[in-house]
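Printed here is upload_36.cif (mmCIF, C-alpha atoms; chains and numbers go by the auth columns):
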data_final
#
loop_
_atom_site.group_PDB
_atom_site.id
_atom_site.type_symbol
_atom_site.label_atom_id
_atom_site.label_comp_id
_atom_site.label_asym_id
_atom_site.label_seq_id
_atom_site.Cartn_x
_atom_site.Cartn_y
_atom_site.Cartn_z
_atom_site.B_iso_or_equiv
_atom_site.auth_seq_id
_atom_site.auth_asym_id
ATOM 1 C CA MET A 1 2.346 -41.712 -54.876 0.00 1 A
ATOM 2 C CA GLY A 2 2.396 -38.131 -53.623 0.00 2 A
ATOM 3 C CA LYS A 3 2.288 -37.261 -49.944 0.00 3 A
ATOM 4 C CA THR A 4 -0.988 -35.398 -50.321 0.00 4 A
ATOM 5 C CA ARG A 5 -2.646 -38.362 -51.988 0.00 5 A
ATOM 6 C CA LEU A 6 -1.373 -40.690 -49.253 0.00 6 A
ATOM 7 C CA LEU A 7 -2.720 -38.374 -46.557 0.00 7 A
ATOM 8 C CA LEU A 8 -6.136 -38.286 -48.239 0.00 8 A
ATOM 9 C CA ILE A 9 -6.245 -42.095 -48.497 0.00 9 A
ATOM 10 C CA LEU A 10 -5.363 -42.437 -44.826 0.00 10 A
ATOM 11 C CA LEU A 11 -8.031 -39.905 -43.909 0.00 11 A
ATOM 12 C CA ALA A 12 -10.572 -41.944 -45.885 0.00 12 A
ATOM 13 C CA VAL A 13 -9.509 -45.113 -44.013 0.00 13 A
ATOM 14 C CA VAL A 14 -9.972 -43.326 -40.697 0.00 14 A
ATOM 15 C CA VAL A 15 -13.442 -42.107 -41.634 0.00 15 A
ATOM 16 C CA VAL A 16 -14.594 -45.454 -43.075 0.00 16 A
ATOM 17 C CA SER A 17 -13.263 -47.476 -40.143 0.00 17 A
ATOM 18 C CA GLY A 18 -14.963 -45.054 -37.751 0.00 18 A
ATOM 19 C CA VAL A 19 -18.282 -45.477 -39.554 0.00 19 A
ATOM 20 C CA LEU A 20 -17.971 -49.298 -39.613 0.00 20 A
ATOM 21 C CA HIS A 21 -16.933 -49.573 -35.961 0.00 21 A
ATOM 22 C CA PRO A 22 -20.406 -50.345 -34.535 0.00 22 A
ATOM 23 C CA HIS A 23 -20.900 -53.162 -37.065 0.00 23 A
ATOM 24 C CA PHE A 24 -17.550 -54.972 -36.915 0.00 24 A
ATOM 25 C CA GLY A 25 -16.397 -54.347 -33.350 0.00 25 A
ATOM 26 C CA HIS A 26 -12.809 -54.389 -32.200 0.00 26 A
ATOM 27 C CA LEU A 27 -11.186 -55.012 -35.586 0.00 27 A
ATOM 28 C CA CYS A 28 -12.476 -51.735 -36.985 0.00 28 A
ATOM 29 C CA LEU A 29 -11.572 -49.944 -33.775 0.00 29 A
ATOM 30 C CA MET A 30 -7.960 -51.136 -34.094 0.00 30 A
ATOM 31 C CA ILE A 31 -7.843 -50.128 -37.775 0.00 31 A
ATOM 32 C CA HIS A 32 -9.315 -46.756 -36.850 0.00 32 A
ATOM 33 C CA LEU A 33 -6.716 -46.148 -34.127 0.00 33 A
ATOM 34 C CA ILE A 34 -3.752 -47.276 -36.246 0.00 34 A
ATOM 35 C CA ALA A 35 -4.877 -45.246 -39.261 0.00 35 A
ATOM 36 C CA GLY A 36 -5.544 -42.220 -37.062 0.00 36 A
ATOM 37 C CA LEU A 37 -2.098 -42.356 -35.497 0.00 37 A
ATOM 38 C CA THR A 38 -0.440 -42.916 -38.873 0.00 38 A
ATOM 39 C CA PHE A 39 -2.355 -40.023 -40.405 0.00 39 A
ATOM 40 C CA THR A 40 -1.415 -37.740 -37.534 0.00 40 A
ATOM 41 C CA LEU A 41 2.272 -38.651 -37.697 0.00 41 A
ATOM 42 C CA LEU A 42 2.449 -38.231 -41.463 0.00 42 A
ATOM 43 C CA ALA A 43 0.662 -34.889 -41.252 0.00 43 A
ATOM 44 C CA VAL A 44 3.099 -33.654 -38.593 0.00 44 A
ATOM 45 C CA PHE A 45 6.172 -34.737 -40.592 0.00 45 A
ATOM 46 C CA HIS A 46 4.664 -33.291 -43.777 0.00 46 A
ATOM 47 C CA CYS A 47 4.134 -29.911 -42.098 0.00 47 A
ATOM 48 C CA ARG A 48 7.608 -29.946 -40.556 0.00 48 A
ATOM 49 C CA SER A 49 9.266 -30.602 -43.903 0.00 49 A
ATOM 50 C CA HIS A 50 7.347 -27.724 -45.501 0.00 50 A
ATOM 51 C CA ARG A 51 8.251 -25.397 -42.634 0.00 51 A
ATOM 52 C CA LYS A 52 11.913 -26.369 -42.944 0.00 52 A
ATOM 53 C CA GLN A 53 11.898 -25.785 -46.711 0.00 53 A
ATOM 54 C CA ASN A 54 10.195 -22.412 -46.298 0.00 54 A
ATOM 55 C CA ARG A 55 12.641 -21.411 -43.557 0.00 55 A
ATOM 56 C CA GLU A 56 15.559 -22.338 -45.810 0.00 56 A
ATOM 57 C CA LYS A 57 14.077 -20.255 -48.640 0.00 57 A
ATOM 58 C CA SER A 58 13.201 -17.225 -46.558 0.00 58 A
ATOM 59 C CA ARG A 59 16.096 -16.985 -44.148 0.00 59 A
ATOM 60 C CA HIS A 60 16.206 -13.631 -42.481 0.00 60 A
ATOM 61 C CA VAL A 61 19.318 -11.920 -43.753 0.00 61 A
ATOM 62 C CA GLN A 62 20.667 -8.421 -43.165 0.00 62 A
ATOM 63 C CA GLN A 63 23.327 -6.784 -45.307 0.00 63 A
ATOM 64 C CA THR A 64 25.581 -3.803 -45.648 0.00 64 A
ATOM 65 C CA ALA A 65 27.679 -3.077 -48.714 0.00 65 A
ATOM 66 C CA HIS A 66 30.429 -5.274 -47.225 0.00 66 A
ATOM 67 C CA ILE A 67 28.891 -7.974 -45.001 0.00 67 A
ATOM 68 C CA THR A 68 25.882 -10.318 -44.847 0.00 68 A
ATOM 69 C CA ILE A 69 24.394 -11.644 -41.600 0.00 69 A
ATOM 70 C CA ASP A 70 22.197 -14.752 -41.308 0.00 70 A
ATOM 71 C CA LEU A 71 20.125 -13.916 -38.230 0.00 71 A
ATOM 72 C CA HIS A 72 18.731 -17.454 -37.785 0.00 72 A
ATOM 73 C CA CYS A 73 22.192 -18.850 -37.055 0.00 73 A
ATOM 74 C CA CYS A 74 23.359 -16.155 -34.618 0.00 74 A
ATOM 75 C CA GLN A 75 24.254 -17.521 -31.165 0.00 75 A
ATOM 76 C CA ALA A 76 24.254 -14.057 -29.528 0.00 76 A
ATOM 77 C CA CYS A 77 27.853 -14.217 -28.289 0.00 77 A
ATOM 78 C CA TRP A 78 28.260 -10.502 -29.169 0.00 78 A
ATOM 79 C CA LYS A 79 31.942 -10.899 -30.192 0.00 79 A
ATOM 80 C CA CYS A 80 31.199 -9.290 -33.546 0.00 80 A
ATOM 81 C CA VAL A 81 29.468 -6.325 -31.876 0.00 81 A
ATOM 82 C CA ASN A 82 32.517 -5.731 -29.648 0.00 82 A
ATOM 83 C CA ALA A 83 34.939 -6.136 -32.583 0.00 83 A
ATOM 84 C CA CYS A 84 33.258 -3.591 -34.865 0.00 84 A
ATOM 85 C CA PRO A 85 35.218 -0.294 -34.773 0.00 85 A
ATOM 86 C CA LYS A 86 32.381 1.744 -36.313 0.00 86 A
ATOM 87 C CA GLN A 87 29.451 0.427 -34.195 0.00 87 A
ATOM 88 C CA VAL A 88 27.707 -0.954 -37.274 0.00 88 A
ATOM 89 C CA LEU A 89 26.312 -3.903 -35.323 0.00 89 A
ATOM 90 C CA GLY A 90 23.846 -3.871 -32.449 0.00 90 A
ATOM 91 C CA LYS A 91 21.974 -6.383 -30.318 0.00 91 A
ATOM 92 C CA ILE A 92 18.496 -7.817 -30.093 0.00 92 A
ATOM 93 C CA ASP A 93 18.682 -9.042 -26.495 0.00 93 A
ATOM 94 C CA LEU A 94 15.233 -10.173 -25.400 0.00 94 A
ATOM 95 C CA PRO A 95 14.733 -13.168 -23.066 0.00 95 A
ATOM 96 C CA PHE A 96 13.697 -15.573 -25.840 0.00 96 A
ATOM 97 C CA HIS A 97 14.910 -13.710 -28.912 0.00 97 A
ATOM 98 C CA LYS A 98 18.601 -12.864 -29.211 0.00 98 A
ATOM 99 C CA HIS A 99 20.717 -12.090 -32.240 0.00 99 A
ATOM 100 C CA VAL A 100 22.959 -9.462 -33.757 0.00 100 A
ATOM 101 C CA LYS A 101 21.501 -6.806 -36.052 0.00 101 A
ATOM 102 C CA ILE A 102 22.800 -4.085 -38.319 0.00 102 A
ATOM 103 C CA VAL A 103 22.094 -0.658 -36.850 0.00 103 A
ATOM 104 C CA ASN A 104 24.358 1.634 -38.920 0.00 104 A
ATOM 105 C CA ALA A 105 24.820 0.018 -42.332 0.00 105 A
ATOM 106 C CA GLU A 106 26.168 3.188 -43.910 0.00 106 A
ATOM 107 C CA LYS A 107 29.108 3.254 -41.441 0.00 107 A
ATOM 108 C CA CYS A 108 30.423 -0.190 -42.476 0.00 108 A
ATOM 109 C CA ILE A 109 33.923 0.210 -43.950 0.00 109 A
ATOM 110 C CA GLY A 110 34.492 -3.456 -44.836 0.00 110 A
ATOM 111 C CA CYS A 111 37.250 -4.136 -42.307 0.00 111 A
ATOM 112 C CA ASN A 112 35.773 -7.642 -41.806 0.00 112 A
ATOM 113 C CA LYS A 113 36.716 -7.741 -38.106 0.00 113 A
ATOM 114 C CA CYS A 114 33.203 -8.983 -37.342 0.00 114 A
ATOM 115 C CA VAL A 115 33.574 -11.752 -39.943 0.00 115 A
ATOM 116 C CA LYS A 116 36.819 -12.913 -38.340 0.00 116 A
ATOM 117 C CA MET A 117 35.347 -12.843 -34.813 0.00 117 A
ATOM 118 C CA CYS A 118 32.236 -14.871 -35.666 0.00 118 A
ATOM 119 C CA GLU A 119 32.878 -18.508 -34.715 0.00 119 A
ATOM 120 C CA PHE A 120 29.565 -19.700 -36.145 0.00 120 A
ATOM 121 C CA GLY A 121 29.845 -18.403 -39.718 0.00 121 A
ATOM 122 C CA VAL A 122 26.864 -16.112 -39.262 0.00 122 A
ATOM 123 C CA ILE A 123 28.612 -13.103 -40.783 0.00 123 A
ATOM 124 C CA SER A 124 30.189 -13.377 -44.212 0.00 124 A
ATOM 125 C CA ALA A 125 32.014 -10.906 -46.392 0.00 125 A
ATOM 126 C CA ASN A 126 30.219 -9.912 -49.581 0.00 126 A
ATOM 127 C CA VAL A 127 32.145 -11.095 -52.628 0.00 127 A
ATOM 128 C CA ALA A 128 31.917 -7.725 -54.399 0.00 128 A
ATOM 129 C CA SER A 129 33.543 -5.916 -51.481 0.00 129 A
ATOM 130 C CA VAL A 130 36.543 -8.243 -51.025 0.00 130 A
#

This entry written out as structure tokens:
Amino acid sequence: MGKTRLLLILLAVVVVSGVLHPHFGHLCLMIHLIAGLTFTLLAVFHCRSHRKQNREKSRHVQQTAHITIDLHCCQACWKCVNACPKQVLGKIDLPFHKHVKIVNAEKCIGCNKCVKMCEFGVISANVASV
């Protein structure tokens, strides 16, 4: 059974138990509360899994002819920025948004010093340039 179908069935249980509540008392109230909580939890986990899949598909990546940077994984240590001899890399340094960025892609010479300095695997050498 698909997740969407399960969510619709649970929603129907919530609605029906809410309608029957005045006639059957506490039993329907308990069913209504349990179904409501279950529906809410499943909906939250369903949305989270879709967000995670979409984030994996649409990772924000920047490239030069020689390197690729995965901005979502950057820990903003700035070691790669300091290691770059041609000032190819710059910083996004806002209070709640920090990562490296490519500012002069055309100056990248493929020395891979930034790749070697990155402890988190955020920067990788492009296969064609190695």

Selection in question (the file shown): the PyMOL selection byres ((chain A and resi 99) around 7). Which residues does it include, as a compact mmCIF listing (two decimals) with C-alpha atoms, keeping the file's coordinate frame?
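After the write, selection_8.txt holds the following:
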# COMPACT_ATOMS: atom_id res chain seq x y z
CA LEU A 71 20.12 -13.92 -38.23
CA CYS A 74 23.36 -16.16 -34.62
CA GLN A 75 24.25 -17.52 -31.16
CA ALA A 76 24.25 -14.06 -29.53
CA LYS A 91 21.97 -6.38 -30.32
CA ILE A 92 18.50 -7.82 -30.09
CA ASP A 93 18.68 -9.04 -26.50
CA HIS A 97 14.91 -13.71 -28.91
CA LYS A 98 18.60 -12.86 -29.21
CA VAL A 100 22.96 -9.46 -33.76
CA LYS A 101 21.50 -6.81 -36.05

Tell me which residues the PyMOL selection byres ((chain A and resi 80) around 7) grabs here, as a list in words.
Trp78, Lys79, Val81, Asn82, Ala83, Cys84, Cys114, Met117 and Cys118 of chain A

At what distance in Å, to one decimal, does atom CA of A:Phe96 lie from atom CA of A:Asn112?
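A separation of 28.4 Å between them.
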
Any idea what the distance is between atom CA of A:Ile123 and atom CA of A:Gly110?
12.0 Å

Give me the result of the PyMOL selection byres ((chain A and resi 102) around 7) on this file, residue by residue, as a list in words.
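In the shown coordinates, the PyMOL selection byres ((chain A and resi 102) around 7) covers Gln62, Val88, Leu89, Gly90, Lys101, Val103, Asn104 and Ala105 of chain A.
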
Using atom CA of A:Val122 and atom CA of A:Thr68 as the two end points, give the distance in Å to one decimal.
8.1 Å

Using all atoms listed in the file for the distances, tell me which of A:Ile109, A:Ile34, A:Val61, A:Arg5 is nearest to A:Cys73.
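Ranked by minimum distance to A:Cys73, first place goes to A:Val61.
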
With distances taken over only C-alpha atoms, which of A:Leu11, A:Ile67, A:Leu94, A:Cys111 is nearest to A:Leu33?
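Looking only at the distances to A:Leu33, the closest residue turns out to be A:Leu11.
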
Just checking: using all atoms listed in the file, which residue out of A:Cys77, A:Ile9, A:Ile69, A:Val127 ends up closest to A:Val115?
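Checking each of A:Cys77, A:Ile9, A:Ile69, A:Val127 against A:Val115, counting all atoms listed in the file, the winner is A:Ile69.
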